[in-house]
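Coordinates as given in input12.pdb (PDB, C-alpha atoms):
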```
MODEL        1
ATOM      1  CA  MET A   1     -27.135   7.990  19.481
ATOM      2  CA  SER A   2     -29.215   8.876  22.535
ATOM      3  CA  GLN A   3     -33.003   8.668  22.268
ATOM      4  CA  ARG A   4     -32.867   6.301  19.323
ATOM      5  CA  ASP A   5     -33.983   2.712  18.901
ATOM      6  CA  ILE A   6     -30.992   0.588  17.862
ATOM      7  CA  LEU A   7     -30.719  -2.840  16.276
ATOM      8  CA  LEU A   8     -27.121  -4.091  16.549
ATOM      9  CA  ILE A   9     -26.195  -6.684  13.902
ATOM     10  CA  SER A  10     -22.825  -8.134  14.915
ATOM     11  CA  GLY A  11     -20.494 -10.936  13.912
ATOM     12  CA  PRO A  12     -17.110 -11.727  12.357
ATOM     13  CA  SER A  13     -15.859 -10.649   8.949
ATOM     14  CA  GLY A  14     -17.346 -12.899   6.277
ATOM     15  CA  GLY A  15     -19.811 -14.379   8.734
ATOM     16  CA  GLY A  16     -23.114 -13.463   7.115
ATOM     17  CA  LYS A  17     -24.028 -10.097   8.653
ATOM     18  CA  THR A  18     -24.654  -8.458   5.284
ATOM     19  CA  THR A  19     -26.750 -11.410   4.126
ATOM     20  CA  PHE A  20     -28.745 -11.208   7.359
ATOM     21  CA  LEU A  21     -29.424  -7.507   6.782
ATOM     22  CA  GLN A  22     -30.430  -8.187   3.184
ATOM     23  CA  GLN A  23     -32.877 -10.879   4.297
ATOM     24  CA  LEU A  24     -34.195  -8.597   7.016
ATOM     25  CA  ALA A  25     -34.852  -5.852   4.464
ATOM     26  CA  ALA A  26     -36.552  -8.351   2.158
ATOM     27  CA  GLY A  27     -38.636  -9.821   4.985
ATOM     28  CA  THR A  28     -37.351 -13.350   4.256
ATOM     29  CA  LEU A  29     -35.837 -14.220   7.637
ATOM     30  CA  ALA A  30     -37.377 -17.140   9.507
ATOM     31  CA  PRO A  31     -40.507 -16.128  11.473
ATOM     32  CA  GLU A  32     -38.946 -17.113  14.818
ATOM     33  CA  ILE A  33     -36.119 -14.650  14.135
ATOM     34  CA  LEU A  34     -38.318 -11.845  12.824
ATOM     35  CA  SER A  35     -40.499 -12.133  15.939
ATOM     36  CA  ARG A  36     -37.495 -11.220  18.110
ATOM     37  CA  LEU A  37     -36.588  -8.089  16.130
ATOM     38  CA  PRO A  38     -38.104  -4.617  16.576
ATOM     39  CA  ALA A  39     -41.243  -3.964  14.587
ATOM     40  CA  GLY A  40     -40.450  -2.113  11.384
ATOM     41  CA  SER A  41     -36.673  -2.638  11.720
ATOM     42  CA  ARG A  42     -36.490  -3.941   8.150
ATOM     43  CA  PHE A  43     -36.993  -0.326   7.054
ATOM     44  CA  TRP A  44     -34.419   1.239   9.381
ATOM     45  CA  PRO A  45     -31.311   2.868   7.855
ATOM     46  CA  VAL A  46     -28.101   0.865   8.303
ATOM     47  CA  LEU A  47     -24.965   2.467   9.740
ATOM     48  CA  GLU A  48     -21.473   0.987   9.542
ATOM     49  CA  ALA A  49     -20.417   1.234  13.186
ATOM     50  CA  ASN A  50     -16.807   0.341  12.365
ATOM     51  CA  ASP A  51     -16.492   3.496  10.271
ATOM     52  CA  VAL A  52     -15.830   5.253  13.573
ATOM     53  CA  LEU A  53     -12.575   3.300  13.917
ATOM     54  CA  LYS A  54     -11.692   4.119  10.343
ATOM     55  CA  GLY A  55     -12.126   7.828  10.978
ATOM     56  CA  ARG A  56     -15.201   8.203   8.775
ATOM     57  CA  PRO A  57     -18.311  10.199   9.732
ATOM     58  CA  VAL A  58     -21.282   8.135  10.839
ATOM     59  CA  MET A  59     -24.020  10.321  12.271
ATOM     60  CA  GLU A  60     -23.767  12.795   9.400
ATOM     61  CA  THR A  61     -25.140  10.134   7.048
ATOM     62  CA  LEU A  62     -28.480   9.956   8.877
ATOM     63  CA  PRO A  63     -31.464  11.906   7.575
ATOM     64  CA  ALA A  64     -32.648  14.592   9.970
ATOM     65  CA  GLY A  65     -35.097  13.302  12.549
ATOM     66  CA  THR A  66     -34.037   9.650  12.275
ATOM     67  CA  ASP A  67     -34.991   7.934  15.538
ATOM     68  CA  ALA A  68     -34.217   4.269  14.732
ATOM     69  CA  VAL A  69     -31.148   2.683  13.125
ATOM     70  CA  ALA A  70     -29.477  -0.666  12.530
ATOM     71  CA  LEU A  71     -25.754  -0.839  13.340
ATOM     72  CA  HIS A  72     -23.566  -3.214  11.310
ATOM     73  CA  TYR A  73     -20.634  -4.199  13.556
ATOM     74  CA  ASP A  74     -17.599  -6.355  12.730
ATOM     75  CA  ILE A  75     -16.351  -7.980  15.944
ATOM     76  CA  VAL A  76     -12.922  -8.701  14.408
ATOM     77  CA  LEU A  77     -11.915  -5.178  13.416
ATOM     78  CA  MET A  78     -11.341  -3.999  16.984
ATOM     79  CA  HIS A  79      -8.520  -6.505  17.460
ATOM     80  CA  ARG A  80      -6.718  -5.256  14.360
ATOM     81  CA  TYR A  81      -6.635  -1.808  15.963
ATOM     82  CA  HIS A  82      -5.042  -3.227  19.137
ATOM     83  CA  ILE A  83      -8.097  -2.468  21.305
ATOM     84  CA  THR A  84      -8.218  -5.064  24.065
ATOM     85  CA  ARG A  85     -11.779  -4.656  25.381
ATOM     86  CA  TYR A  86     -14.986  -3.968  23.464
ATOM     87  CA  GLU A  87     -15.890  -1.296  26.006
ATOM     88  CA  GLU A  88     -12.917   0.674  24.658
ATOM     89  CA  ASP A  89     -14.158   0.581  21.058
ATOM     90  CA  PRO A  90     -15.448   4.089  20.244
ATOM     91  CA  SER A  91     -17.876   2.729  17.655
ATOM     92  CA  LEU A  92     -19.758   0.811  20.380
ATOM     93  CA  ARG A  93     -20.188   3.964  22.425
ATOM     94  CA  LEU A  94     -22.937   4.745  19.915
ATOM     95  CA  LEU A  95     -25.063   2.362  22.008
ATOM     96  CA  ASP A  96     -24.856   4.502  25.129
ATOM     97  CA  GLY A  97     -28.176   6.031  26.009
ATOM     98  CA  ALA A  98     -30.135   4.104  23.377
ATOM     99  CA  ARG A  99     -33.877   4.343  23.929
ATOM    100  CA  SER A 100     -34.223   0.638  23.138
ATOM    101  CA  LEU A 101     -31.667  -1.957  22.104
ATOM    102  CA  ALA A 102     -31.990  -5.239  20.224
ATOM    103  CA  ILE A 103     -28.837  -7.289  19.604
ATOM    104  CA  VAL A 104     -28.191  -9.971  16.999
ATOM    105  CA  PHE A 105     -24.977 -12.008  17.005
ATOM    106  CA  VAL A 106     -24.536 -13.769  13.662
ATOM    107  CA  ARG A 107     -22.387 -16.680  14.851
ATOM    108  CA  PRO A 108     -21.271 -19.082  12.103
ATOM    109  CA  ASP A 109     -19.104 -22.097  12.751
ATOM    110  CA  THR A 110     -15.493 -20.907  12.937
ATOM    111  CA  ASP A 111     -14.366 -23.186  10.087
ATOM    112  CA  LEU A 112     -17.207 -21.904   7.920
ATOM    113  CA  VAL A 113     -16.429 -18.256   8.522
ATOM    114  CA  LYS A 114     -12.747 -18.795   7.704
ATOM    115  CA  ARG A 115     -13.645 -20.557   4.444
ATOM    116  CA  ASN A 116     -16.115 -17.851   3.486
ATOM    117  CA  PHE A 117     -13.669 -15.075   4.277
ATOM    118  CA  MET A 118     -10.812 -16.630   2.318
ATOM    119  CA  ALA A 119     -13.079 -17.266  -0.663
ATOM    120  CA  ARG A 120     -14.075 -13.607  -0.621
ATOM    121  CA  GLN A 121     -10.432 -12.525  -0.315
ATOM    122  CA  ASN A 122      -9.403 -14.699  -3.260
ATOM    123  CA  ALA A 123     -12.201 -13.291  -5.409
ATOM    124  CA  HIS A 124     -11.093  -9.777  -4.450
ATOM    125  CA  ARG A 125      -7.480 -10.522  -5.397
ATOM    126  CA  ARG A 126      -8.492 -11.840  -8.810
ATOM    127  CA  LYS A 127      -9.964  -8.435  -9.583
ATOM    128  CA  LYS A 128      -6.694  -6.651  -8.796
ATOM    129  CA  SER A 129      -3.743  -6.253 -11.115
ATOM    130  CA  ALA A 130      -0.340  -7.804 -10.360
ATOM    131  CA  ILE A 131       1.134  -4.317  -9.912
ATOM    132  CA  SER A 132      -1.528  -3.392  -7.369
ATOM    133  CA  LEU A 133      -0.891  -6.576  -5.367
ATOM    134  CA  LEU A 134       2.877  -6.001  -5.355
ATOM    135  CA  TRP A 135       2.392  -2.378  -4.305
ATOM    136  CA  SER A 136       0.180  -3.436  -1.388
ATOM    137  CA  ARG A 137       2.587  -6.131  -0.202
ATOM    138  CA  TYR A 138       5.946  -4.403  -0.575
ATOM    139  CA  VAL A 139       5.124  -0.698  -0.234
ATOM    140  CA  ARG A 140       1.789   0.082   1.430
ATOM    141  CA  LEU A 141       1.948  -2.585   4.163
ATOM    142  CA  PRO A 142       5.556  -1.769   5.246
ATOM    143  CA  LEU A 143       4.671   1.926   5.362
ATOM    144  CA  ARG A 144       1.562   1.208   7.401
ATOM    145  CA  CYS A 145       3.613  -0.821   9.886
ATOM    146  CA  LEU A 146       6.122   2.016  10.134
ATOM    147  CA  PHE A 147       3.560   4.736  10.779
ATOM    148  CA  SER A 148       0.994   2.677  12.732
ATOM    149  CA  PRO A 149       1.997   4.176  16.125
ATOM    150  CA  LEU A 150       1.243   7.638  14.733
ATOM    151  CA  THR A 151      -1.840   6.946  12.608
ATOM    152  CA  GLY A 152      -3.528   4.257  14.723
ATOM    153  CA  LYS A 153      -4.200   2.209  11.594
ATOM    154  CA  PRO A 154      -3.951  -1.579  11.940
ATOM    155  CA  THR A 155      -0.820  -3.470  10.905
ATOM    156  CA  ARG A 156      -2.497  -6.878  10.734
ATOM    157  CA  SER A 157      -5.123  -7.802   8.187
ATOM    158  CA  THR A 158      -8.188  -9.880   8.988
ATOM    159  CA  GLU A 159      -6.597 -12.623   6.913
ATOM    160  CA  ASP A 160      -3.558 -12.519   9.223
ATOM    161  CA  VAL A 161      -5.573 -12.976  12.416
ATOM    162  CA  TYR A 162      -7.682 -15.756  10.874
ATOM    163  CA  GLN A 163      -4.569 -17.897  10.399
ATOM    164  CA  ASP A 164      -4.628 -18.733  14.133
ATOM    165  CA  ASP A 165      -7.129 -21.568  14.597
ATOM    166  CA  LYS A 166      -7.792 -20.655  18.239
ATOM    167  CA  TRP A 167      -8.023 -16.926  17.660
ATOM    168  CA  LEU A 168     -11.541 -16.740  16.244
ATOM    169  CA  ALA A 169     -12.987 -18.988  18.950
ATOM    170  CA  GLY A 170     -11.443 -16.688  21.557
ATOM    171  CA  CYS A 171     -12.905 -13.670  19.758
ATOM    172  CA  TYR A 172     -16.372 -15.276  19.937
ATOM    173  CA  ARG A 173     -16.028 -15.879  23.680
ATOM    174  CA  GLN A 174     -14.894 -12.315  24.322
ATOM    175  CA  TRP A 175     -17.790 -10.902  22.281
ATOM    176  CA  GLU A 176     -20.372 -13.101  24.038
ATOM    177  CA  THR A 177     -19.029 -11.967  27.420
ATOM    178  CA  TYR A 178     -19.304  -8.347  26.304
ATOM    179  CA  LEU A 179     -22.886  -8.918  25.131
ATOM    180  CA  HIS A 180     -23.894 -10.194  28.564
ATOM    181  CA  ARG A 181     -22.357  -7.109  30.165
ATOM    182  CA  LEU A 182     -24.158  -4.956  27.607
ATOM    183  CA  VAL A 183     -27.501  -6.556  28.458
ATOM    184  CA  GLU A 184     -26.822  -5.925  32.144
ATOM    185  CA  ARG A 185     -26.434  -2.208  31.352
ATOM    186  CA  HIS A 186     -29.573  -2.230  29.184
ATOM    187  CA  PRO A 187     -32.093  -4.339  31.157
ATOM    188  CA  ASN A 188     -34.719  -4.092  28.405
ATOM    189  CA  ALA A 189     -32.350  -5.234  25.644
ATOM    190  CA  ARG A 190     -33.141  -8.391  23.701
ATOM    191  CA  LEU A 191     -30.247 -10.649  22.687
ATOM    192  CA  THR A 192     -30.614 -13.115  19.809
ATOM    193  CA  ILE A 193     -27.892 -15.409  18.508
ATOM    194  CA  VAL A 194     -28.368 -16.831  15.023
ATOM    195  CA  GLU A 195     -26.363 -19.322  12.987
ATOM    196  CA  PRO A 196     -26.238 -20.036   9.249
ATOM    197  CA  ALA A 197     -28.327 -23.103   8.422
ATOM    198  CA  GLY A 198     -28.036 -24.748   5.021
ATOM    199  CA  GLU A 199     -27.323 -23.296   1.616
ATOM    200  CA  GLY A 200     -27.852 -19.640   0.812
ATOM    201  CA  LEU A 201     -27.229 -18.606   4.432
ATOM    202  CA  ALA A 202     -30.627 -19.361   5.863
ATOM    203  CA  PHE A 203     -30.516 -18.558   9.567
ATOM    204  CA  ARG A 204     -31.754 -20.289  12.706
ATOM    205  CA  THR A 205     -31.764 -19.214  16.339
ATOM    206  CA  ALA A 206     -29.080 -20.697  18.566
ATOM    207  CA  ASP A 207     -28.624 -21.119  22.289
ATOM    208  CA  ILE A 208     -27.461 -18.055  24.151
ATOM    209  CA  PRO A 209     -24.391 -19.110  26.162
ATOM    210  CA  SER A 210     -24.257 -18.232  29.826
ATOM    211  CA  THR A 211     -21.318 -16.499  31.440
TER     212      THR A 211
ENDMDL
END
```

What does this structure look like when you write it as structure tokens?
Amino acid sequence: MSQRDILLISGPSGGGKTTFLQQLAAGTLAPEILSRLPAGSRFWPVLEANDVLKGRPVMETLPAGTDAVALHYDIVLMHRYHITRYEEDPSLRLLDGARSLAIVFVRPDTDLVKRNFMARQNAHRRKKSAISLLWSRYVRLPLRCLFSPLTGKPTRSTEDVYQDDKWLAGCYRQWETYLHRLVERHPNARLTIVEPAGEGLAFRTADIPST
């Protein structure tokens, strides 16, 4: 990722990152947010940074000569893979050597993100057959737990970690601390924290917490 301009769109699962990217592409974000983003970033290709953890190719999906990208990063996924510090996440190493870096943390209220995630999970389950659900619960999950030390695949789902009321708040604090360290390594980086505001996931800027 060296010598590229990078826009990092980060936040928890079900927190509004995809909606933010859709509004960015459509040019419908609030002017005070758009003014803090790189010029022309609405047209940048979007990479799924977490695909690195899942063992999927990332850079190969870029057209030749691409010099600016947006990275879509789920701050929860790292914890499911038993990685204790964000610096150890190989998908975030894509930021090393970036020519310029702009960071957005989509930070919804923790109760809201849990409700949104569970609603999405329930809708996903309704689309699956009873046999598929039983297979996942009684066959695939036990096998994944058994072979996790060898494969590196997570044994806990995002739904599992969201059951702890204090867990998500702690995840937010750890991510915000990492972002401050990231800005220290990239002195020209711009950090913007946004929160959902109202229906339809309109966004507003929020205070940037100090460390």

I'd like to know which of A:Ala64, A:Leu53, A:Val69, A:Leu201 is closest to Leu29 of chain A, using all atoms listed in the file. A:Leu201

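Proximity to Val113 of chain A at 9 Å, evaluated using all atoms listed in the file and with sequence-adjacent residues fewer than 6 positions away removed, yields Pro12, Ser13, Gly14, Gly15, Gly16 and Arg107 of chain A.
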
Taking only C-alpha atoms into account, which of A:Lys166, A:Thr18, A:Pro31, A:Lys54 comes nearest Arg80 of chain A?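 Between A:Lys166, A:Thr18, A:Pro31, A:Lys54, the residue approaching Arg80 of chain A most closely is A:Lys54.
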
Give me, as a list in words, all polymer residues having an atom no more than 12 Å from Glu32 of chain A, counting all atoms listed in the file and skipping those fewer than 4 positions away in the same chain.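 Using all atoms listed in the file, the neighbours found are Thr28, Arg36, Leu37, Thr192, Ile193, Val194, Phe203, Arg204, Thr205 and Ala206 of chain A.
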
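Here the question is which of A:Ile33, A:Val106, A:Leu101, A:Ala119 gets nearest to Glu184 of chain A using only C-alpha atoms, and that residue is A:Leu101.
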
Quick one: of A:Leu112, A:Leu34, A:Leu7, A:Ala98, who's nearest to Glu195 of chain A, counting all atoms listed in the file? A:Leu112

Give the padded box for segment 160-175 of chain A as lines of an AutoDock Vina configuration file: axis-aligned, covering all atoms listed in the file, 5 Å on each side, centre and edge lengths in Å to one decimal.
```
center_x = -10.7
center_y = -16.2
center_z = 16.8
size_x = 24.2
size_y = 20.7
size_z = 25.1
```

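Taking atom CA of Leu94 of chain A and atom CA of His82 of chain A as the two end points, the separation is 19.6 Å.
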
What's around Val76 of chain A at 9 Å? Count all atoms listed in the file, leave out sequence neighbours fewer than 2 positions away in its own chain, and write the answer as an MDAnalysis selection string. chainID A and resid 11:13 73:74 78:80 158 161 168 171

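Selection by the PyMOL selection byres ((chain A and resi 185) around 12) on the present file picks out Glu87, Leu95, Asp96, Gly97, Ala98, Ser100, Leu101, Tyr178, Leu179, His180, Arg181, Leu182, Val183, Glu184, His186, Pro187, Asn188, Ala189 and Arg190 of chain A.
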
Taking the file as I've supplied it (selection: the PyMOL selection byres ((chain A and resi 44) around 8)), which residues are included? Please answer as number ranges by chain. A: 40-43, 45-46, 68-70

As an exercise, work out the distance from atom CA of Ala197 of chain A to atom CA of Thr19 of chain A in Å and give it to one decimal place.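 That distance, rounded to one decimal, is 12.6 Å.
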
Interatomic distance, atom CA of Ile83 of chain A to atom CA of Gly55 of chain A (Å, one decimal): 15.1 Å
